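Trainee: Please see the structure below; I have some questions.
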Amino acid sequence: MSDLVLTVTSEYDGIRADKFISESSDISRSFAVSLIESGNCLLNKKPCGKNYKVKAGDVFEIELPDTEEPEIIAENIPLDIVYEDKYLLVVNKPKGMVVHPAPGHYSGTLVNALMYHCKDSLSGINGVIRPGIVHRIDKDTSGLLIVAKNDAAHNGLAEQIKVHSFTRKYEAVVMGGVRENGTVNASIARHKIDRKKMAVSPEGREAITHYEVIENYNKYSHLRLILETGRTHQIRVHMAYIGHPVVGDPVYGDGKPKWLNGQCLHAREIRFVHPITKDELYFTSPLPEYFEKMLKNIK
């Protein structure tokens, strides 16, 4: 058994116990209810009810039962492979595909497809849930992703990301007219209230996004975005922070065309040094149909 201790701060005052636990951790609300009902959650050293309204200063002590990692099954899912050798491959991920298994998504992910395609040839550094995954892109972001086939390749790629010698360029359509190129240098951390979101925070990790205007359409702008760091949801958080959220972003945006499913964000270019051969590699992915349709409709 492992313990989790959560202390209620003033911004949570008055919300239900199960909601507080969910928003203050990676625990789902339904799991929080089950922990309370099973007696695995103590409130100020006493049993707690799920309907209890928390107060600032309350302390929850939660016992999390040991869990086994689920078995991930190889699935014959078509992959758009841009490049492949015995050390790594570059995949063009479609919009709507989850990169690696997680609660609620144990099948149909990129990892399930990679396990079928690569068999046992995937790096094991990130465990059985994320074999070969060096970096991620969101479910509703399309575009290029590198996968490592062994630990040496994985470590070499991870080091390039760490020292910012790994170039990733995205394209996005954002709300509003962006007139000039610029840089957003604003640290990102987990949102204090909604733990499923990220937010700009001085307490967060350094995050830097450069953006260039490709075309300005007054109500919308087509941008090229260059990541200097790679924080969770970085582009989406930074664009919303400067008042130009990515069109269709369901979390940080404010509305989308009815036909657009998810955000208009595409990982367009990637450049890196091969971790084994030391050759410089560069790949580009054409804008997908949904993105081209968006540009056509806003011109």
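A note on labels: chains of the structure tokens are A, B, ... as shown, every chain counts residues from 1, and ligands are counted from 1 in their shown order.
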Which residues in segment 18-261 of chain A does DSSP call helix (DSSP H, G or I)? List them as a PyMOL selection string.
Mentor: chain A and resi 18-23+29-37+110-118+151-162+234-241
Trainee: Would you export the selected residues with N, CA and C atoms as a compact mmCIF listing (two decimals), in the first residue's frame, please?
Mentor:
# COMPACT_ATOMS: atom_id res chain seq x y z
N ASP A 18 -14.95 14.04 -2.91
CA ASP A 18 -14.50 13.27 -4.06
C ASP A 18 -14.00 14.17 -5.17
N LYS A 19 -14.64 15.34 -5.36
CA LYS A 19 -14.21 16.29 -6.38
C LYS A 19 -12.85 16.89 -6.01
N PHE A 20 -12.66 17.22 -4.74
CA PHE A 20 -11.37 17.76 -4.30
C PHE A 20 -10.25 16.77 -4.55
N ILE A 21 -10.46 15.50 -4.19
CA ILE A 21 -9.42 14.48 -4.38
C ILE A 21 -9.08 14.33 -5.85
N SER A 22 -10.10 14.33 -6.70
CA SER A 22 -9.88 14.18 -8.13
C SER A 22 -9.09 15.36 -8.70
N GLU A 23 -9.46 16.57 -8.31
CA GLU A 23 -8.83 17.77 -8.87
C GLU A 23 -7.46 18.05 -8.26
N ARG A 29 -12.54 10.88 -10.45
CA ARG A 29 -13.57 11.13 -9.43
C ARG A 29 -14.25 9.83 -9.01
N SER A 30 -14.50 8.94 -9.97
CA SER A 30 -15.16 7.67 -9.63
C SER A 30 -14.26 6.82 -8.73
N PHE A 31 -12.94 6.85 -8.98
CA PHE A 31 -12.01 6.10 -8.13
C PHE A 31 -11.94 6.72 -6.74
N ALA A 32 -12.03 8.06 -6.68
CA ALA A 32 -12.03 8.75 -5.39
C ALA A 32 -13.23 8.30 -4.56
N VAL A 33 -14.40 8.17 -5.20
CA VAL A 33 -15.60 7.70 -4.50
C VAL A 33 -15.38 6.30 -3.94
N SER A 34 -14.79 5.41 -4.78
CA SER A 34 -14.57 4.03 -4.33
C SER A 34 -13.57 3.97 -3.17
N LEU A 35 -12.56 4.85 -3.19
CA LEU A 35 -11.59 4.89 -2.09
C LEU A 35 -12.26 5.33 -0.79
N ILE A 36 -13.16 6.31 -0.91
CA ILE A 36 -13.87 6.79 0.28
C ILE A 36 -14.79 5.70 0.82
N GLU A 37 -15.55 5.07 -0.09
CA GLU A 37 -16.52 4.06 0.33
C GLU A 37 -15.86 2.81 0.90
N LEU A 110 -1.18 4.37 -30.48
CA LEU A 110 0.01 4.25 -31.31
C LEU A 110 0.91 3.13 -30.79
N VAL A 111 1.02 3.00 -29.47
CA VAL A 111 1.86 1.94 -28.90
C VAL A 111 1.33 0.55 -29.27
N ASN A 112 0.02 0.36 -29.25
CA ASN A 112 -0.54 -0.93 -29.67
C ASN A 112 -0.14 -1.26 -31.10
N ALA A 113 -0.18 -0.24 -31.97
CA ALA A 113 0.20 -0.43 -33.37
C ALA A 113 1.70 -0.69 -33.51
N LEU A 114 2.52 0.03 -32.75
CA LEU A 114 3.97 -0.15 -32.80
C LEU A 114 4.39 -1.53 -32.33
N MET A 115 3.71 -2.06 -31.33
CA MET A 115 4.05 -3.39 -30.83
C MET A 115 3.80 -4.46 -31.89
N TYR A 116 2.79 -4.26 -32.69
CA TYR A 116 2.52 -5.21 -33.77
C TYR A 116 3.57 -5.07 -34.87
N HIS A 117 3.89 -3.83 -35.22
CA HIS A 117 4.83 -3.57 -36.32
C HIS A 117 6.26 -3.92 -35.96
N CYS A 118 6.68 -3.54 -34.75
CA CYS A 118 8.09 -3.70 -34.34
C CYS A 118 8.37 -4.98 -33.57
N ASP A 151 17.37 1.01 -26.35
CA ASP A 151 17.66 1.98 -25.29
C ASP A 151 18.75 2.97 -25.69
N ALA A 152 19.73 2.52 -26.48
CA ALA A 152 20.81 3.42 -26.91
C ALA A 152 20.25 4.56 -27.75
N ALA A 153 19.36 4.22 -28.68
CA ALA A 153 18.74 5.24 -29.52
C ALA A 153 17.86 6.16 -28.67
N HIS A 154 17.14 5.58 -27.76
CA HIS A 154 16.25 6.35 -26.88
C HIS A 154 17.05 7.37 -26.06
N ASN A 155 18.13 6.91 -25.44
CA ASN A 155 18.95 7.82 -24.63
C ASN A 155 19.55 8.93 -25.46
N GLY A 156 20.01 8.60 -26.68
CA GLY A 156 20.60 9.61 -27.55
C GLY A 156 19.61 10.66 -27.98
N LEU A 157 18.39 10.25 -28.28
CA LEU A 157 17.34 11.20 -28.66
C LEU A 157 16.90 12.05 -27.47
N ALA A 158 16.77 11.42 -26.31
CA ALA A 158 16.35 12.15 -25.12
C ALA A 158 17.36 13.22 -24.74
N GLU A 159 18.65 12.93 -24.93
CA GLU A 159 19.69 13.92 -24.63
C GLU A 159 19.57 15.12 -25.56
N GLN A 160 19.26 14.89 -26.84
CA GLN A 160 19.10 16.00 -27.78
C GLN A 160 17.92 16.89 -27.38
N ILE A 161 16.84 16.26 -26.94
CA ILE A 161 15.69 17.03 -26.47
C ILE A 161 16.08 17.86 -25.24
N LYS A 162 16.85 17.26 -24.35
CA LYS A 162 17.26 17.93 -23.11
C LYS A 162 18.09 19.17 -23.38
N GLN A 234 2.20 22.55 -24.16
CA GLN A 234 2.91 23.83 -24.19
C GLN A 234 2.35 24.83 -25.19
N ILE A 235 2.22 24.43 -26.46
CA ILE A 235 1.74 25.36 -27.48
C ILE A 235 0.33 25.84 -27.14
N ARG A 236 -0.52 24.92 -26.74
CA ARG A 236 -1.91 25.26 -26.45
C ARG A 236 -2.02 26.22 -25.27
N VAL A 237 -1.23 25.98 -24.22
CA VAL A 237 -1.25 26.86 -23.06
C VAL A 237 -0.68 28.23 -23.40
N HIS A 238 0.45 28.27 -24.11
CA HIS A 238 1.08 29.54 -24.45
C HIS A 238 0.23 30.39 -25.38
N MET A 239 -0.40 29.77 -26.37
CA MET A 239 -1.22 30.55 -27.29
C MET A 239 -2.45 31.11 -26.58
N ALA A 240 -3.05 30.32 -25.70
CA ALA A 240 -4.19 30.84 -24.94
C ALA A 240 -3.74 31.96 -24.00
N TYR A 241 -2.55 31.82 -23.45
CA TYR A 241 -2.01 32.81 -22.51
C TYR A 241 -1.85 34.19 -23.16
Trainee: Find, counting only C-alpha atoms, the residue in A:Arg231, A:Arg205, A:Lys93, A:Lys196 that gets nearest to Asp140 of chain A.
Mentor: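 Nearest candidate to Asp140 of chain A out of A:Arg231, A:Arg205, A:Lys93, A:Lys196: A:Lys93.
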Trainee: Between atom CA of His266 of chain A and atom CA of Ile77 of chain A, what is the distance, to one decimal in Å?
Mentor: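 Atom CA of Ile77 of chain A lies 21.0 Å from atom CA of His266 of chain A.
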Trainee: Quick one, how far is atom CA of Lys95 of chain A from atom CA of Ser187 of chain A?
Mentor: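 According to the coordinates, atom CA of Lys95 of chain A and atom CA of Ser187 of chain A are separated by 26.9 Å.
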Trainee: Can you list, as a CSV table (one decimal) with N, CA and C atoms, in the first residue's frame, every protein, DNA or RNA residue that comes within 6 Å of segment 167-179 of chain A when you count only C-alpha atoms, leaving out same-chain residues fewer than 3 positions away?
Mentor:
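Generated file (out_27.csv):
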chain,number,residue,atom,x,y,z
A,216,ASN,N,-2.1,36.1,-42.0
A,216,ASN,CA,-3.0,36.7,-41.1
A,216,ASN,C,-4.3,36.9,-41.8
A,218,ASN,N,-7.2,38.2,-40.1
A,218,ASN,CA,-7.9,39.1,-39.3
A,218,ASN,C,-8.5,38.4,-38.1
A,219,LYS,N,-9.5,37.5,-38.3
A,219,LYS,CA,-10.2,36.8,-37.2
A,219,LYS,C,-9.3,35.5,-36.8
A,220,TYR,N,-8.5,35.1,-37.7
A,220,TYR,CA,-7.7,33.9,-37.5
A,220,TYR,C,-6.2,34.2,-38.0
A,221,SER,N,-5.3,33.4,-37.5
A,221,SER,CA,-3.9,33.5,-38.0
A,221,SER,C,-3.4,32.1,-38.2
A,222,HIS,N,-2.6,31.9,-39.2
A,222,HIS,CA,-1.9,30.7,-39.5
A,222,HIS,C,-0.5,30.9,-39.0
A,223,LEU,N,0.0,30.1,-38.1
A,223,LEU,CA,1.3,30.3,-37.4
A,223,LEU,C,2.2,29.1,-37.6
A,224,ARG,N,3.5,29.3,-37.6
A,224,ARG,CA,4.5,28.3,-37.4
A,224,ARG,C,5.0,28.5,-36.0
A,225,LEU,N,5.1,27.4,-35.3
A,225,LEU,CA,5.5,27.4,-33.9
A,225,LEU,C,6.7,26.5,-33.7
A,226,ILE,N,7.7,27.0,-33.0
A,226,ILE,CA,9.0,26.3,-32.8
A,226,ILE,C,9.2,26.1,-31.3
A,227,LEU,N,9.2,24.8,-30.9
A,227,LEU,CA,9.4,24.5,-29.5
A,227,LEU,C,10.9,24.6,-29.1
A,244,HIS,N,-4.5,34.1,-28.0
A,244,HIS,CA,-4.7,33.6,-29.3
A,244,HIS,C,-4.8,32.0,-29.2
A,245,PRO,N,-5.8,31.5,-28.6
A,245,PRO,CA,-5.9,30.0,-28.4
A,245,PRO,C,-6.0,29.3,-29.8
A,246,VAL,N,-5.5,28.1,-29.8
A,246,VAL,CA,-5.6,27.3,-31.0
A,246,VAL,C,-7.0,27.0,-31.3
A,247,VAL,N,-7.4,27.2,-32.6
A,247,VAL,CA,-8.8,27.0,-33.0
A,247,VAL,C,-9.2,25.5,-32.7
A,264,CYS,N,-6.7,22.6,-34.2
A,264,CYS,CA,-6.1,22.7,-35.5
A,264,CYS,C,-4.6,22.9,-35.3
A,265,LEU,N,-3.9,21.8,-35.0
A,265,LEU,CA,-2.5,21.8,-34.6
A,265,LEU,C,-1.8,20.6,-35.2
A,266,HIS,N,-0.7,20.9,-35.9
A,266,HIS,CA,0.0,19.8,-36.7
A,266,HIS,C,1.5,19.9,-36.5
A,267,ALA,N,2.1,18.7,-36.1
A,267,ALA,CA,3.6,18.7,-36.0
A,267,ALA,C,4.1,18.5,-37.4
A,268,ARG,N,4.6,19.6,-37.9
A,268,ARG,CA,4.9,19.7,-39.4
A,268,ARG,C,6.3,19.2,-39.7
A,269,GLU,N,7.3,19.6,-38.9
A,269,GLU,CA,8.7,19.3,-39.3
A,269,GLU,C,9.5,18.8,-38.0
A,270,ILE,N,10.5,18.0,-38.3
A,270,ILE,CA,11.3,17.5,-37.2
A,270,ILE,C,12.7,17.3,-37.8
A,271,ARG,N,13.7,17.8,-37.0
A,271,ARG,CA,15.1,17.7,-37.4
A,271,ARG,C,16.0,17.2,-36.2
Trainee: Taking 2 positions as the minimum chain separation for residues in the same chain, which residues sit within 10 Å of Val99 of chain A when counting only C-alpha atoms? Answer as number ranges by chain.
Mentor: A: 93, 96-97, 101-102, 105, 108-113, 130, 133, 135-139, 145
Trainee: What is the atom CA of Tyr252 of chain A to atom CA of Glu180 of chain A distance in Å?
Mentor: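 Pair atom CA of Tyr252 of chain A / atom CA of Glu180 of chain A returns 22.1 Å.
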Trainee: So which residues touch Ala56 of chain A within 7 Å, counting only C-alpha atoms, skipping near sequence neighbours fewer than 3 positions away, as a PyMOL selection string?
Mentor: chain A and resi 8-10+13
Trainee: Got a sec to tell me which of segment 72-103 of chain A DSSP assigns to strand (DSSP E or B), as a list in words?
Mentor: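 In segment 72-103 of chain A, DSSP puts these residues in strand (DSSP E or B): Ile81, Val82, Tyr83, Glu84, Leu88, Leu89, Val90, Val91, Asn92, Lys93 and Ala102 of chain A.
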Trainee: May I have the selected residues written with N, CA and C atoms, as a PDB file, in the first residue's frame?
Mentor:
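Once written, again-v7.pdb looks like this:
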ATOM      1  N   ILE A  81       4.383   5.390 -41.825  1.00  0.00           N
ATOM      2  CA  ILE A  81       5.795   5.451 -41.442  1.00  0.00           C
ATOM      3  C   ILE A  81       6.567   6.288 -42.456  1.00  0.00           C
ATOM      4  N   VAL A  82       7.162   7.371 -41.974  1.00  0.00           N
ATOM      5  CA  VAL A  82       7.908   8.290 -42.824  1.00  0.00           C
ATOM      6  C   VAL A  82       9.341   7.811 -43.021  1.00  0.00           C
ATOM      7  N   TYR A  83       9.906   7.198 -41.980  1.00  0.00           N
ATOM      8  CA  TYR A  83      11.292   6.710 -42.026  1.00  0.00           C
ATOM      9  C   TYR A  83      11.436   5.562 -41.037  1.00  0.00           C
ATOM     10  N   GLU A  84      12.288   4.582 -41.391  1.00  0.00           N
ATOM     11  CA  GLU A  84      12.545   3.497 -40.459  1.00  0.00           C
ATOM     12  C   GLU A  84      13.898   2.868 -40.740  1.00  0.00           C
ATOM     13  N   LEU A  88      15.410   3.252 -35.100  1.00  0.00           N
ATOM     14  CA  LEU A  88      14.304   4.155 -34.818  1.00  0.00           C
ATOM     15  C   LEU A  88      13.351   4.219 -36.003  1.00  0.00           C
ATOM     16  N   LEU A  89      12.212   4.823 -35.790  1.00  0.00           N
ATOM     17  CA  LEU A  89      11.307   5.127 -36.889  1.00  0.00           C
ATOM     18  C   LEU A  89      10.602   6.443 -36.618  1.00  0.00           C
ATOM     19  N   VAL A  90      10.172   7.094 -37.698  1.00  0.00           N
ATOM     20  CA  VAL A  90       9.427   8.345 -37.610  1.00  0.00           C
ATOM     21  C   VAL A  90       8.031   8.073 -38.152  1.00  0.00           C
ATOM     22  N   VAL A  91       7.033   8.376 -37.344  1.00  0.00           N
ATOM     23  CA  VAL A  91       5.646   8.078 -37.689  1.00  0.00           C
ATOM     24  C   VAL A  91       4.867   9.376 -37.863  1.00  0.00           C
ATOM     25  N   ASN A  92       3.963   9.377 -38.830  1.00  0.00           N
ATOM     26  CA  ASN A  92       3.042  10.499 -39.021  1.00  0.00           C
ATOM     27  C   ASN A  92       1.730  10.113 -38.342  1.00  0.00           C
ATOM     28  N   LYS A  93       1.517  10.628 -37.124  1.00  0.00           N
ATOM     29  CA  LYS A  93       0.351  10.235 -36.335  1.00  0.00           C
ATOM     30  C   LYS A  93      -0.898  10.981 -36.779  1.00  0.00           C
ATOM     31  N   ALA A 102      -3.484   4.444 -21.478  1.00  0.00           N
ATOM     32  CA  ALA A 102      -3.764   5.116 -20.208  1.00  0.00           C
ATOM     33  C   ALA A 102      -5.171   4.680 -19.798  1.00  0.00           C
TER      34      ALA A 102
END
Trainee: Excluding Met294 of chain A and residues on its chain fewer than 2 positions from it, collect all residues at most 9 Å away from it, counting only C-alpha atoms, and give them as a list of chain:residue names.
Mentor: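 Once the adjacent positions are removed, what remains is A:Val173, A:Pro257, A:Leu260, A:Cys264, A:Glu289, A:Tyr290, A:Phe291, A:Glu292, A:Lys296, A:Asn297, A:Ile298, A:Lys299.
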Trainee: Measuring atom to atom with only C-alpha atoms, identify which of A:Cys48, A:Val147, A:Leu43, A:Val5 is nearest to Ser25 of chain A.
Mentor: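 Among the listed residues, A:Val5 lies closest to Ser25 of chain A.
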Trainee: Within 8 Å of segment 58-64 of chain A, counting only C-alpha atoms, which residues qualify if same-chain residues fewer than 6 places away don't, as a list in words?
Mentor: Met1, Ser2, Asp3, Leu4, Val5, Leu6, Thr7, Val8, Leu35, Asn40, Cys41, Leu42, Leu43, Asn44 and Lys45 of chain A
Trainee: Write a file of the just-selected residues containing N, CA, C and O atoms, as a PDB file, in the first residue's frame.
Mentor:
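This is the output file again.pdb:
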ATOM      1  N   MET A   1       0.847  -1.197   0.000  1.00  0.00           N
ATOM      2  CA  MET A   1       0.000   0.000   0.000  1.00  0.00           C
ATOM      3  C   MET A   1       0.882   1.246   0.000  1.00  0.00           C
ATOM      4  O   MET A   1       1.931   1.264   0.619  1.00  0.00           O
ATOM      5  N   SER A   2       0.430   2.262  -0.702  1.00  0.00           N
ATOM      6  CA  SER A   2       1.183   3.514  -0.727  1.00  0.00           C
ATOM      7  C   SER A   2       0.269   4.644  -0.269  1.00  0.00           C
ATOM      8  O   SER A   2      -0.937   4.635  -0.527  1.00  0.00           O
ATOM      9  N   ASP A   3       0.814   5.627   0.432  1.00  0.00           N
ATOM     10  CA  ASP A   3       0.022   6.698   1.016  1.00  0.00           C
ATOM     11  C   ASP A   3       0.093   7.967   0.185  1.00  0.00           C
ATOM     12  O   ASP A   3       1.133   8.300  -0.401  1.00  0.00           O
ATOM     13  N   LEU A   4      -1.028   8.674   0.152  1.00  0.00           N
ATOM     14  CA  LEU A   4      -1.109   9.975  -0.500  1.00  0.00           C
ATOM     15  C   LEU A   4      -1.760  10.924   0.491  1.00  0.00           C
ATOM     16  O   LEU A   4      -2.833  10.632   1.022  1.00  0.00           O
ATOM     17  N   VAL A   5      -1.100  12.040   0.781  1.00  0.00           N
ATOM     18  CA  VAL A   5      -1.631  13.019   1.730  1.00  0.00           C
ATOM     19  C   VAL A   5      -1.959  14.303   0.977  1.00  0.00           C
ATOM     20  O   VAL A   5      -1.108  14.869   0.282  1.00  0.00           O
ATOM     21  N   LEU A   6      -3.215  14.764   1.110  1.00  0.00           N
ATOM     22  CA  LEU A   6      -3.669  15.976   0.434  1.00  0.00           C
ATOM     23  C   LEU A   6      -4.215  16.949   1.466  1.00  0.00           C
ATOM     24  O   LEU A   6      -5.090  16.587   2.260  1.00  0.00           O
ATOM     25  N   THR A   7      -3.720  18.182   1.433  1.00  0.00           N
ATOM     26  CA  THR A   7      -4.201  19.214   2.352  1.00  0.00           C
ATOM     27  C   THR A   7      -5.036  20.222   1.594  1.00  0.00           C
ATOM     28  O   THR A   7      -4.620  20.727   0.540  1.00  0.00           O
ATOM     29  N   VAL A   8      -6.217  20.539   2.104  1.00  0.00           N
ATOM     30  CA  VAL A   8      -7.138  21.453   1.426  1.00  0.00           C
ATOM     31  C   VAL A   8      -6.658  22.892   1.607  1.00  0.00           C
ATOM     32  O   VAL A   8      -6.415  23.341   2.732  1.00  0.00           O
ATOM     33  N   LEU A  35     -12.561   4.848  -3.192  1.00  0.00           N
ATOM     34  CA  LEU A  35     -11.591   4.892  -2.088  1.00  0.00           C
ATOM     35  C   LEU A  35     -12.262   5.331  -0.794  1.00  0.00           C
ATOM     36  O   LEU A  35     -11.994   4.793   0.286  1.00  0.00           O
ATOM     37  N   ASN A  40     -10.572   3.564   2.471  1.00  0.00           N
ATOM     38  CA  ASN A  40      -9.162   3.827   2.186  1.00  0.00           C
ATOM     39  C   ASN A  40      -8.811   5.312   2.250  1.00  0.00           C
ATOM     40  O   ASN A  40      -7.698   5.706   1.924  1.00  0.00           O
ATOM     41  N   CYS A  41      -9.783   6.116   2.639  1.00  0.00           N
ATOM     42  CA  CYS A  41      -9.555   7.566   2.704  1.00  0.00           C
ATOM     43  C   CYS A  41      -9.983   8.076   4.077  1.00  0.00           C
ATOM     44  O   CYS A  41     -11.140   7.933   4.478  1.00  0.00           O
ATOM     45  N   LEU A  42      -9.043   8.666   4.800  1.00  0.00           N
ATOM     46  CA  LEU A  42      -9.340   9.260   6.095  1.00  0.00           C
ATOM     47  C   LEU A  42      -9.313  10.776   5.990  1.00  0.00           C
ATOM     48  O   LEU A  42      -8.454  11.355   5.304  1.00  0.00           O
ATOM     49  N   LEU A  43     -10.266  11.414   6.661  1.00  0.00           N
ATOM     50  CA  LEU A  43     -10.333  12.862   6.729  1.00  0.00           C
ATOM     51  C   LEU A  43     -10.032  13.281   8.155  1.00  0.00           C
ATOM     52  O   LEU A  43     -10.788  12.946   9.076  1.00  0.00           O
ATOM     53  N   ASN A  44      -8.921  13.973   8.333  1.00  0.00           N
ATOM     54  CA  ASN A  44      -8.511  14.396   9.679  1.00  0.00           C
ATOM     55  C   ASN A  44      -8.516  13.209  10.643  1.00  0.00           C
ATOM     56  O   ASN A  44      -9.030  13.281  11.756  1.00  0.00           O
ATOM     57  N   LYS A  45      -7.964  12.089  10.136  1.00  0.00           N
ATOM     58  CA  LYS A  45      -7.766  10.853  10.911  1.00  0.00           C
ATOM     59  C   LYS A  45      -9.063  10.058  11.142  1.00  0.00           C
ATOM     60  O   LYS A  45      -9.063   9.060  11.866  1.00  0.00           O
TER      61      LYS A  45
END
